[in-house]
file structure02.txt (compact mmCIF, C-alpha atoms)
# COMPACT_ATOMS: atom_id res chain seq x y z
CA MET A 1 28.07 -146.09 67.46
CA SER A 2 24.44 -147.27 68.04
CA TRP A 3 22.90 -147.75 71.51
CA THR A 4 22.97 -151.59 71.16
CA LYS A 5 26.69 -151.49 70.56
CA LYS A 6 27.09 -149.28 73.63
CA GLN A 7 25.15 -151.77 75.79
CA THR A 8 27.18 -154.70 74.48
CA PHE A 9 30.44 -152.87 75.15
CA LEU A 10 29.39 -151.92 78.69
CA PHE A 11 28.23 -155.46 79.44
CA ALA A 12 31.51 -156.96 78.29
CA ALA A 13 33.44 -154.45 80.35
CA PHE A 14 31.30 -155.30 83.33
CA ILE A 15 32.06 -159.04 82.96
CA VAL A 16 35.79 -158.43 82.67
CA ILE A 17 35.95 -156.10 85.63
CA THR A 18 33.70 -158.19 87.91
CA GLY A 19 35.62 -161.31 87.01
CA GLY A 20 38.90 -159.65 87.85
CA THR A 21 37.66 -158.18 91.03
CA ALA A 22 36.01 -161.40 92.33
CA LEU A 23 39.42 -162.80 93.25
CA GLN A 24 40.09 -159.78 95.40
CA GLN A 25 36.66 -159.71 97.04
CA SER A 26 37.73 -161.14 100.40
CA THR A 27 40.64 -158.75 100.63
CA GLU A 28 38.58 -155.70 99.62
CA GLU A 29 35.79 -156.73 101.98
CA ARG A 30 38.36 -156.88 104.77
CA THR A 31 39.56 -153.39 103.87
CA GLY A 32 36.00 -152.11 103.73
CA ALA A 33 35.93 -151.26 99.91
CA ASN A 34 32.72 -151.75 97.84
CA PRO A 35 33.68 -153.42 94.51
CA ILE A 36 30.20 -153.05 93.00
CA ARG A 37 30.31 -149.29 93.51
CA LYS A 38 33.68 -149.10 91.89
CA VAL A 39 32.45 -151.02 88.84
CA VAL A 40 29.35 -148.85 88.55
CA THR A 41 31.39 -145.71 88.78
CA MET A 42 33.87 -146.95 86.17
CA LEU A 43 31.05 -147.98 83.83
CA GLN A 44 29.40 -144.59 84.26
CA ASN A 45 32.63 -142.87 83.36
CA MET A 46 33.08 -145.09 80.33
CA GLN A 47 29.48 -144.50 79.31
CA LYS A 48 29.99 -140.75 79.53
CA GLN A 49 33.15 -141.00 77.41
CA VAL A 50 31.41 -143.15 74.83
CA GLU A 51 28.47 -140.72 74.69
CA GLU A 52 30.84 -137.77 74.21
CA GLU A 53 32.62 -139.58 71.40
CA GLY A 54 29.27 -140.42 69.84
CA GLU A 55 28.24 -136.77 70.00
CA ARG A 56 31.47 -135.70 68.27
CA GLU A 57 30.94 -138.33 65.59
CA LYS A 58 27.38 -137.11 65.11
CA LYS A 59 28.53 -133.51 64.63
CA LEU A 60 31.19 -134.61 62.15
CA TYR A 61 28.63 -136.65 60.26
CA GLU A 62 26.22 -133.68 60.11
CA LYS A 63 29.00 -131.42 58.81
CA PHE A 64 29.93 -133.99 56.21
CA MET A 65 26.33 -134.33 55.03
CA CYS A 66 25.95 -130.54 54.87
CA TYR A 67 29.11 -130.31 52.76
CA CYS A 68 27.91 -133.09 50.48
CA GLN A 69 24.62 -131.31 49.88
CA SER A 70 26.04 -127.79 49.29
CA GLY A 71 29.20 -128.98 47.56
CA GLY A 72 27.21 -131.23 45.28
CA LYS A 73 25.06 -128.33 44.10
CA GLU A 74 28.11 -126.17 43.45
CA LEU A 75 29.78 -129.01 41.58
CA GLU A 76 26.67 -129.56 39.46
CA ALA A 77 26.52 -125.85 38.64
CA SER A 78 30.19 -125.83 37.73
CA ILE A 79 29.79 -128.88 35.50
CA SER A 80 26.73 -127.35 33.83
CA GLY A 81 28.60 -124.11 33.16
CA ALA A 82 31.55 -126.00 31.73
CA GLU A 83 29.24 -128.03 29.47
CA ASN A 84 27.60 -124.84 28.20
CA LYS A 85 31.00 -123.32 27.55
CA VAL A 86 32.15 -126.39 25.67
CA SER A 87 29.01 -126.36 23.54
CA THR A 88 29.62 -122.74 22.44
CA LEU A 89 33.39 -123.09 22.07
CA PRO A 90 33.40 -124.30 18.42
CA ALA A 91 31.32 -121.31 17.33
CA GLU A 92 33.59 -118.95 19.22
CA ILE A 93 36.68 -120.51 17.65
CA THR A 94 35.15 -120.19 14.17
CA ALA A 95 34.27 -116.54 14.80
CA ALA A 96 37.78 -115.83 16.07
CA GLU A 97 39.34 -117.48 13.01
CA GLU A 98 37.12 -115.46 10.68
CA LYS A 99 38.01 -112.28 12.52
CA LEU A 100 41.71 -113.12 12.25
CA VAL A 101 41.38 -113.62 8.49
CA GLN A 102 39.56 -110.28 8.21
CA LEU A 103 42.22 -108.53 10.26
CA LYS A 104 44.96 -109.93 8.02
CA ASP A 105 43.09 -108.72 4.94
CA ASP A 106 42.62 -105.29 6.54
CA ILE A 107 46.31 -105.05 7.38
CA LYS A 108 47.25 -106.03 3.83
CA GLN A 109 44.88 -103.43 2.38
CA HIS A 110 46.15 -100.77 4.81
CA GLN A 111 49.69 -101.49 3.71
CA ILE A 112 48.68 -101.03 0.08
CA ASP A 113 46.83 -97.82 0.91
CA ARG A 114 49.78 -96.57 2.93
CA ALA A 115 52.17 -97.16 0.04
CA ALA A 116 49.79 -95.36 -2.32
CA ALA A 117 49.42 -92.48 0.13
CA LYS A 118 53.18 -92.12 0.51
CA SER A 119 53.62 -92.14 -3.28
CA ALA A 120 50.90 -89.50 -3.74
CA MET A 121 52.39 -87.36 -0.98
CA SER A 122 55.85 -87.61 -2.50
CA LYS A 123 54.60 -86.56 -5.94
CA ALA A 124 52.50 -83.74 -4.50
CA THR A 125 55.45 -82.47 -2.47
CA ALA A 126 57.74 -82.49 -5.50
CA LEU A 127 55.15 -80.60 -7.57
CA ARG A 128 54.50 -78.12 -4.73
CA ASN A 129 58.20 -77.41 -4.37
CA LYS A 130 58.51 -76.86 -8.10
CA GLU A 131 55.51 -74.51 -8.18
CA ALA A 132 56.77 -72.62 -5.14
CA ALA A 133 60.19 -72.14 -6.72
CA GLU A 134 58.64 -70.92 -9.97
CA PHE A 135 56.37 -68.49 -8.13
CA ALA A 136 59.25 -67.18 -6.02
CA LYS A 137 61.23 -66.51 -9.19
CA LEU A 138 58.31 -64.79 -10.93
CA LYS A 139 57.56 -62.69 -7.83
CA ALA A 140 61.16 -61.60 -7.55
CA GLU A 141 61.17 -60.51 -11.21
CA ALA A 142 57.79 -58.80 -10.82
CA ASP A 143 58.97 -56.92 -7.71
CA ALA A 144 62.12 -55.80 -9.52
CA ASN A 145 60.17 -54.67 -12.63
CA MET A 146 57.54 -52.82 -10.59
CA LEU A 147 60.31 -51.08 -8.66
CA ALA A 148 61.91 -49.99 -11.94
CA VAL A 149 58.55 -48.72 -13.23
CA ALA A 150 57.93 -46.85 -9.99
CA LYS A 151 61.37 -45.21 -10.19
CA ALA A 152 60.74 -44.22 -13.82
CA ILE A 153 57.39 -42.66 -12.93
CA ILE A 154 58.88 -40.69 -10.03
CA ALA A 155 61.83 -39.49 -12.15
CA LEU A 156 59.63 -38.41 -15.06
CA GLU A 157 57.15 -36.63 -12.80
CA LYS A 158 60.06 -34.71 -11.25
CA GLY A 159 61.50 -33.81 -14.64
CA LEU A 160 64.52 -36.07 -14.14
CA GLY A 161 63.77 -38.36 -17.06
CA ALA A 162 67.07 -37.73 -18.84
CA GLY A 163 69.07 -38.78 -15.79
CA PHE A 164 66.92 -41.85 -15.21
CA LEU A 165 67.42 -43.05 -18.78
CA GLN A 166 71.13 -43.38 -18.07
CA THR A 167 70.60 -45.75 -15.13
CA ARG A 168 70.72 -49.54 -14.98
CA ALA A 169 67.09 -49.56 -13.87
CA ALA A 170 66.06 -47.90 -17.14
CA GLN A 171 67.90 -50.51 -19.19
CA ASP A 172 66.33 -53.36 -17.21
CA LEU A 173 62.90 -51.77 -17.65
CA ARG A 174 63.50 -51.45 -21.39
CA THR A 175 64.40 -55.16 -21.61
CA PHE A 176 61.27 -56.09 -19.63
CA VAL A 177 58.98 -53.93 -21.79
CA MET A 178 60.52 -55.29 -24.95
CA ASN A 179 60.27 -58.98 -23.99
CA LYS A 180 57.70 -59.60 -21.26
CA ALA A 181 55.47 -56.62 -20.51
CA ASP A 182 51.76 -57.16 -21.16
CA VAL A 183 51.18 -54.05 -23.32
CA ASP A 184 49.95 -53.29 -26.81
CA ASP A 185 52.51 -53.47 -29.59
CA VAL A 186 52.18 -49.73 -30.31
CA ASP A 187 52.72 -48.81 -26.66
CA ARG A 188 55.58 -51.29 -26.47
CA GLN A 189 57.38 -49.59 -29.40
CA ILE A 190 56.85 -46.14 -27.91
CA LEU A 191 58.14 -47.16 -24.48
CA VAL A 192 61.14 -49.06 -25.86
CA SER A 193 62.02 -46.07 -28.06
CA PHE A 194 61.70 -43.69 -25.11
CA LEU A 195 63.77 -45.84 -22.76
CA ALA A 196 66.43 -46.16 -25.46
CA ALA A 197 66.76 -42.31 -25.31
CA ASN A 198 66.54 -41.95 -29.06
CA GLY A 199 62.98 -40.73 -29.48
CA GLY A 200 63.96 -37.29 -30.69
CA GLU A 201 61.24 -34.79 -31.52
CA ALA A 202 58.93 -37.61 -32.62
CA SER A 203 58.85 -39.00 -29.05
CA PRO A 204 55.59 -38.55 -27.20
CA GLY A 205 55.34 -36.18 -24.27
CA THR A 206 56.36 -37.06 -20.76
CA ASP A 207 52.77 -37.18 -19.55
CA GLN A 208 51.90 -39.79 -22.16
CA ILE A 209 54.89 -41.93 -21.13
CA VAL A 210 53.98 -41.59 -17.44
CA GLY A 211 50.43 -42.64 -18.25
CA MET A 212 51.67 -45.71 -20.10
CA LEU A 213 53.98 -46.62 -17.24
CA LYS A 214 51.23 -46.21 -14.62
CA GLN A 215 48.88 -48.35 -16.68
CA MET A 216 51.59 -50.99 -16.99
CA GLU A 217 52.29 -50.77 -13.24
CA ALA A 218 48.61 -51.34 -12.39
CA SER A 219 48.50 -54.33 -14.74
CA MET A 220 51.65 -55.79 -13.18
CA LYS A 221 50.22 -55.38 -9.66
CA SER A 222 46.99 -57.08 -10.71
CA VAL A 223 48.85 -59.99 -12.28
CA LEU A 224 51.05 -60.34 -9.20
CA SER A 225 47.99 -60.23 -6.89
CA ASP A 226 46.30 -62.97 -8.91
CA GLY A 227 49.50 -65.01 -8.82
CA MET A 228 49.74 -64.66 -5.04
CA LYS A 229 46.14 -65.80 -4.64
CA GLU A 230 46.82 -68.83 -6.83
CA GLU A 231 49.93 -69.60 -4.80
CA GLU A 232 47.99 -69.39 -1.53
CA ALA A 233 45.28 -71.65 -2.98
CA ALA A 234 47.94 -74.12 -4.10
CA ILE A 235 49.50 -74.12 -0.63
CA ASP A 236 46.09 -74.69 0.99
CA ALA A 237 45.27 -77.53 -1.42
CA TYR A 238 48.64 -79.12 -0.71
CA LYS A 239 48.08 -78.99 3.04
CA LYS A 240 44.61 -80.52 2.72
CA LEU A 241 46.00 -83.28 0.51
CA MET A 242 48.72 -84.04 3.06
CA ASP A 243 46.19 -84.13 5.89
CA SER A 244 43.86 -86.43 3.99
CA LYS A 245 46.69 -88.82 3.16
CA LYS A 246 47.84 -88.87 6.77
CA THR A 247 44.47 -89.31 8.49
CA GLY A 248 42.21 -90.83 5.82
CA SER A 249 40.91 -94.40 5.78
CA GLY A 250 44.18 -95.57 4.27
CA GLY A 251 46.32 -92.77 5.62
CA ILE A 252 49.76 -93.16 7.15
CA ASP A 253 48.73 -92.09 10.66
CA ARG A 254 45.68 -94.40 10.61
CA VAL A 255 47.78 -97.37 9.54
CA HIS A 256 50.13 -96.77 12.47
CA GLN A 257 47.28 -96.87 15.00
call {"tool": "encode", "arguments": {"input": "structure02.txt", "output": "structure tokens"}}
result
Amino acid sequence: MSWTKKQTFLFAAFIVITGGTALQQSTEERTGANPIRKVVTMLQNMQKQVEEEGEREKKLYEKFMCYCQSGGKELEASISGAENKVSTLPAEITAAEEKLVQLKDDIKQHQIDRAAAKSAMSKATALRNKEAAEFAKLKAEADANMLAVAKAIIALEKGLGAGFLQTRAAQDLRTFVMNKADVDDVDRQILVSFLAANGGEASPGTDQIVGMLKQMEASMKSVLSDGMKEEEAAIDAYKKLMDSKKTGSGGIDRVHQ
């Protein structure tokens, strides 16, 4: 409220109050009261109240203006940020769509690689099991044949060759020498004839037979050693293949991640 409005309000109040109090002037004069003083006091009180209200309105106005200034800046910043975001949104959407397409292609390729890895692992496992079974069979036969050769050598060196020739081990050794032993044909015939216990006087001496058997034993041990090395290499290659198929770029474990 401006100062002119305050003066107008006070003047109107003064007219109303003085007009109302004029009728009571004679009575108040008789009682000794001063009507002018009462009016002045009332007007002063009203002026004070009006000034206080004006001060409160001024403070509210200042707060409102402060809010308008600071709030306007914040609103402008917010609008500017939103406009910038909107301007970059199409590019971001396009990039996201392209990434989604790439991810779908990657998943499809990983699924193909995973199927191929599982197929390769299955085939490798089947082959490894077959090779392991074959090696186990060959090793068992080699162990049995080397044991028979060792028994024959011990028996002959102790002069117990005649008794050994009557054993099952001698017959098994004869069958092995005749069919599978890696020896010369001449040595094969001599050993088979000796193990058949029909060599007669034409049979070679015991020392010669022992020498043949020891040579055959050494050859069998060498062959078995080479076979064991090959088996170990095959096992190692199988493990590496399994690891590569599980953890490679298209491996099973990588696809699951």
call {"tool": "atom_distance", "arguments": {"input": "structure02.txt", "atom1": "CA of Leu224 (chain A)", "atom2": "CA of Leu127 (chain A)"}}
result
20.7 Å
call {"tool": "closest_residue", "arguments": {"input": "structure02.txt", "among": "A:Ala196, A:Val149, A:Val177, A:Lys240", "to": "Lys214 (chain A)", "atoms": "all atoms listed in the file"}}
result
A:Val149
call {"tool": "closest_atom_pairs", "arguments": {"input": "structure02.txt", "of": "region 35-146 of chain A", "to": "region 230-234 of chain A", "cutoff": "12 Å", "atoms": "all atoms listed in the file", "output": "CSV"}}
result
residue,atom,partner,partner_atom,distance
A:Ala124,CA,A:Ala234,CA,10.7
A:Thr125,CA,A:Ala234,CA,11.3
A:Leu127,CA,A:Ala234,CA,10.3
A:Arg128,CA,A:Ala234,CA,7.7
A:Asn129,CA,A:Ala234,CA,10.8
A:Lys130,CA,A:Ala234,CA,11.6
A:Glu131,CA,A:Glu231,CA,8.2
A:Ala132,CA,A:Glu231,CA,7.5
A:Ala133,CA,A:Glu231,CA,10.7
A:Glu134,CA,A:Glu231,CA,10.2
A:Phe135,CA,A:Glu231,CA,7.3
A:Ala136,CA,A:Glu231,CA,9.7
A:Leu138,CA,A:Glu231,CA,11.4
A:Lys139,CA,A:Glu231,CA,10.7
call {"tool": "write_last_selection", "arguments": {"input": "structure02.txt", "atoms": "C-alpha atoms", "output": "CSV table (one decimal), keeping the file's coordinate frame"}}
result
chain,number,residue,atom,x,y,z
A,124,ALA,CA,52.5,-83.7,-4.5
A,125,THR,CA,55.4,-82.5,-2.5
A,127,LEU,CA,55.2,-80.6,-7.6
A,128,ARG,CA,54.5,-78.1,-4.7
A,129,ASN,CA,58.2,-77.4,-4.4
A,130,LYS,CA,58.5,-76.9,-8.1
A,131,GLU,CA,55.5,-74.5,-8.2
A,132,ALA,CA,56.8,-72.6,-5.1
A,133,ALA,CA,60.2,-72.1,-6.7
A,134,GLU,CA,58.6,-70.9,-10.0
A,135,PHE,CA,56.4,-68.5,-8.1
A,136,ALA,CA,59.2,-67.2,-6.0
A,138,LEU,CA,58.3,-64.8,-10.9
A,139,LYS,CA,57.6,-62.7,-7.8
call {"tool": "residues_around", "arguments": {"input": "structure02.txt", "residues": "Met146 (chain A)", "least_positions_apart": "3", "cutoff": "9 Å", "atoms": "only C-alpha atoms", "output": "MDAnalysis selection string"}}
result
chainID A and resid 141:143 149:151 173 216:217 220:221
call {"tool": "residues_around", "arguments": {"input": "structure02.txt", "residues": "Met178 (chain A)", "least_positions_apart": "3", "cutoff": "12 Å", "atoms": "only C-alpha atoms", "output": "PyMOL selection string"}}
result
chain A and resi 171-175+181-196
call {"tool": "closest_residue", "arguments": {"input": "structure02.txt", "among": "A:Ser122, A:Ile209, A:Ala148, A:Ala155", "to": "Leu241 (chain A)", "atoms": "all atoms listed in the file"}}
result
A:Ser122
call {"tool": "closest_residue", "arguments": {"input": "structure02.txt", "among": "A:Ala95, A:Ser225, A:Ala144, A:Asn34", "to": "Arg168 (chain A)", "atoms": "only C-alpha atoms"}}
result
A:Ala144
call {"tool": "residues_around", "arguments": {"input": "structure02.txt", "residues": "Asp207 (chain A)", "least_positions_apart": "6", "cutoff": "10 Å", "atoms": "all atoms listed in the file", "output": "list of chain:residue names"}}
result
A:Ile153, A:Leu156, A:Glu157, A:Leu213
call {"tool": "atom_distance", "arguments": {"input": "structure02.txt", "atom1": "CA of Ala140 (chain A)", "atom2": "CA of Gln208 (chain A)"}}
result
27.8 Å
call {"tool": "axis_aligned_box", "arguments": {"input": "structure02.txt", "around": "region 126-137 of chain A", "padding_each_side": "6 Å", "output": "JSON"}}
result
{"center_x": 57.9, "center_y": -74.5, "center_z": -7.2, "size_x": 18.7, "size_y": 28.0, "size_z": 17.6}
call {"tool": "atom_distance", "arguments": {"input": "structure02.txt", "atom1": "CA of Ala117 (chain A)", "atom2": "CA of Lys246 (chain A)"}}
result
7.7 Å
call {"tool": "closest_residue", "arguments": {"input": "structure02.txt", "among": "A:Thr88, A:Gln102, A:Ala152, A:Lys118", "to": "Gly211 (chain A)", "atoms": "all atoms listed in the file"}}
result
A:Ala152
call {"tool": "build_atoms", "arguments": {"input": "structure02.txt", "residues": "region 164-193 of chain A", "atoms": "N, CA and C atoms", "output": "mmCIF file, keeping the file's coordinate frame"}}
result
data_model
loop_
_atom_site.group_PDB
_atom_site.id
_atom_site.type_symbol
_atom_site.label_atom_id
_atom_site.label_comp_id
_atom_site.auth_asym_id
_atom_site.auth_seq_id
_atom_site.Cartn_x
_atom_site.Cartn_y
_atom_site.Cartn_z
ATOM 1 N N PHE A 164 67.387 -40.487 -15.442
ATOM 2 C CA PHE A 164 66.920 -41.850 -15.210
ATOM 3 C C PHE A 164 67.257 -42.765 -16.376
ATOM 4 N N LEU A 165 67.161 -42.225 -17.594
ATOM 5 C CA LEU A 165 67.420 -43.050 -18.780
ATOM 6 C C LEU A 165 68.851 -43.555 -18.833
ATOM 7 N N GLN A 166 69.731 -42.954 -18.058
ATOM 8 C CA GLN A 166 71.130 -43.380 -18.070
ATOM 9 C C GLN A 166 71.421 -44.442 -17.000
ATOM 10 N N THR A 167 70.393 -44.794 -16.234
ATOM 11 C CA THR A 167 70.600 -45.750 -15.130
ATOM 12 C C THR A 167 70.410 -47.185 -15.588
ATOM 13 N N ARG A 168 70.896 -48.117 -14.718
ATOM 14 C CA ARG A 168 70.720 -49.540 -14.980
ATOM 15 C C ARG A 168 69.258 -49.929 -14.910
ATOM 16 N N ALA A 169 68.507 -49.259 -14.022
ATOM 17 C CA ALA A 169 67.090 -49.560 -13.870
ATOM 18 C C ALA A 169 66.337 -49.290 -15.164
ATOM 19 N N ALA A 170 66.711 -48.225 -15.869
ATOM 20 C CA ALA A 170 66.060 -47.900 -17.140
ATOM 21 C C ALA A 170 66.342 -48.965 -18.189
ATOM 22 N N GLN A 171 67.555 -49.472 -18.220
ATOM 23 C CA GLN A 171 67.900 -50.510 -19.190
ATOM 24 C C GLN A 171 67.162 -51.824 -18.881
ATOM 25 N N ASP A 172 67.070 -52.158 -17.589
ATOM 26 C CA ASP A 172 66.330 -53.360 -17.210
ATOM 27 C C ASP A 172 64.848 -53.211 -17.551
ATOM 28 N N LEU A 173 64.296 -52.018 -17.337
ATOM 29 C CA LEU A 173 62.900 -51.770 -17.650
ATOM 30 C C LEU A 173 62.669 -51.877 -19.156
ATOM 31 N N ARG A 174 63.612 -51.362 -19.924
ATOM 32 C CA ARG A 174 63.500 -51.450 -21.390
ATOM 33 C C ARG A 174 63.472 -52.915 -21.829
ATOM 34 N N THR A 175 64.363 -53.732 -21.249
ATOM 35 C CA THR A 175 64.400 -55.160 -21.610
ATOM 36 C C THR A 175 63.082 -55.829 -21.244
ATOM 37 N N PHE A 176 62.528 -55.503 -20.071
ATOM 38 C CA PHE A 176 61.270 -56.090 -19.630
ATOM 39 C C PHE A 176 60.134 -55.695 -20.565
ATOM 40 N N VAL A 177 60.047 -54.393 -20.907
ATOM 41 C CA VAL A 177 58.980 -53.930 -21.790
ATOM 42 C C VAL A 177 59.091 -54.579 -23.157
ATOM 43 N N MET A 178 60.294 -54.751 -23.612
ATOM 44 C CA MET A 178 60.520 -55.290 -24.950
ATOM 45 C C MET A 178 60.190 -56.777 -25.015
ATOM 46 N N ASN A 179 60.395 -57.518 -23.928
ATOM 47 C CA ASN A 179 60.270 -58.980 -23.990
ATOM 48 C C ASN A 179 59.056 -59.548 -23.245
ATOM 49 N N LYS A 180 58.683 -58.949 -22.114
ATOM 50 C CA LYS A 180 57.700 -59.600 -21.260
ATOM 51 C C LYS A 180 56.485 -58.756 -20.876
ATOM 52 N N ALA A 181 56.567 -57.467 -20.990
ATOM 53 C CA ALA A 181 55.470 -56.620 -20.510
ATOM 54 C C ALA A 181 54.194 -56.884 -21.288
ATOM 55 N N ASP A 182 53.074 -56.919 -20.551
ATOM 56 C CA ASP A 182 51.760 -57.160 -21.160
ATOM 57 C C ASP A 182 51.167 -55.824 -21.610
ATOM 58 N N VAL A 183 51.645 -55.330 -22.760
ATOM 59 C CA VAL A 183 51.180 -54.050 -23.320
ATOM 60 C C VAL A 183 50.928 -54.228 -24.812
ATOM 61 N N ASP A 184 50.188 -53.267 -25.360
ATOM 62 C CA ASP A 184 49.950 -53.290 -26.810
ATOM 63 C C ASP A 184 51.253 -53.090 -27.557
ATOM 64 N N ASP A 185 51.287 -53.600 -28.795
ATOM 65 C CA ASP A 185 52.510 -53.470 -29.590
ATOM 66 C C ASP A 185 52.887 -52.018 -29.833
ATOM 67 N N VAL A 186 51.897 -51.155 -30.055
ATOM 68 C CA VAL A 186 52.180 -49.730 -30.310
ATOM 69 C C VAL A 186 52.795 -49.106 -29.062
ATOM 70 N N ASP A 187 52.172 -49.349 -27.909
ATOM 71 C CA ASP A 187 52.720 -48.810 -26.660
ATOM 72 C C ASP A 187 54.095 -49.387 -26.363
ATOM 73 N N ARG A 188 54.286 -50.655 -26.700
ATOM 74 C CA ARG A 188 55.580 -51.290 -26.470
ATOM 75 C C ARG A 188 56.671 -50.565 -27.264
ATOM 76 N N GLN A 189 56.390 -50.269 -28.560
ATOM 77 C CA GLN A 189 57.380 -49.590 -29.400
ATOM 78 C C GLN A 189 57.684 -48.195 -28.874
ATOM 79 N N ILE A 190 56.640 -47.509 -28.436
ATOM 80 C CA ILE A 190 56.850 -46.140 -27.910
ATOM 81 C C ILE A 190 57.713 -46.190 -26.655
ATOM 82 N N LEU A 191 57.390 -47.086 -25.742
ATOM 83 C CA LEU A 191 58.140 -47.160 -24.480
ATOM 84 C C LEU A 191 59.580 -47.609 -24.724
ATOM 85 N N VAL A 192 59.781 -48.607 -25.577
ATOM 86 C CA VAL A 192 61.140 -49.060 -25.860
ATOM 87 C C VAL A 192 61.950 -47.937 -26.498
ATOM 88 N N SER A 193 61.325 -47.184 -27.424
ATOM 89 C CA SER A 193 62.020 -46.070 -28.060
ATOM 90 C C SER A 193 62.369 -44.989 -27.046
#
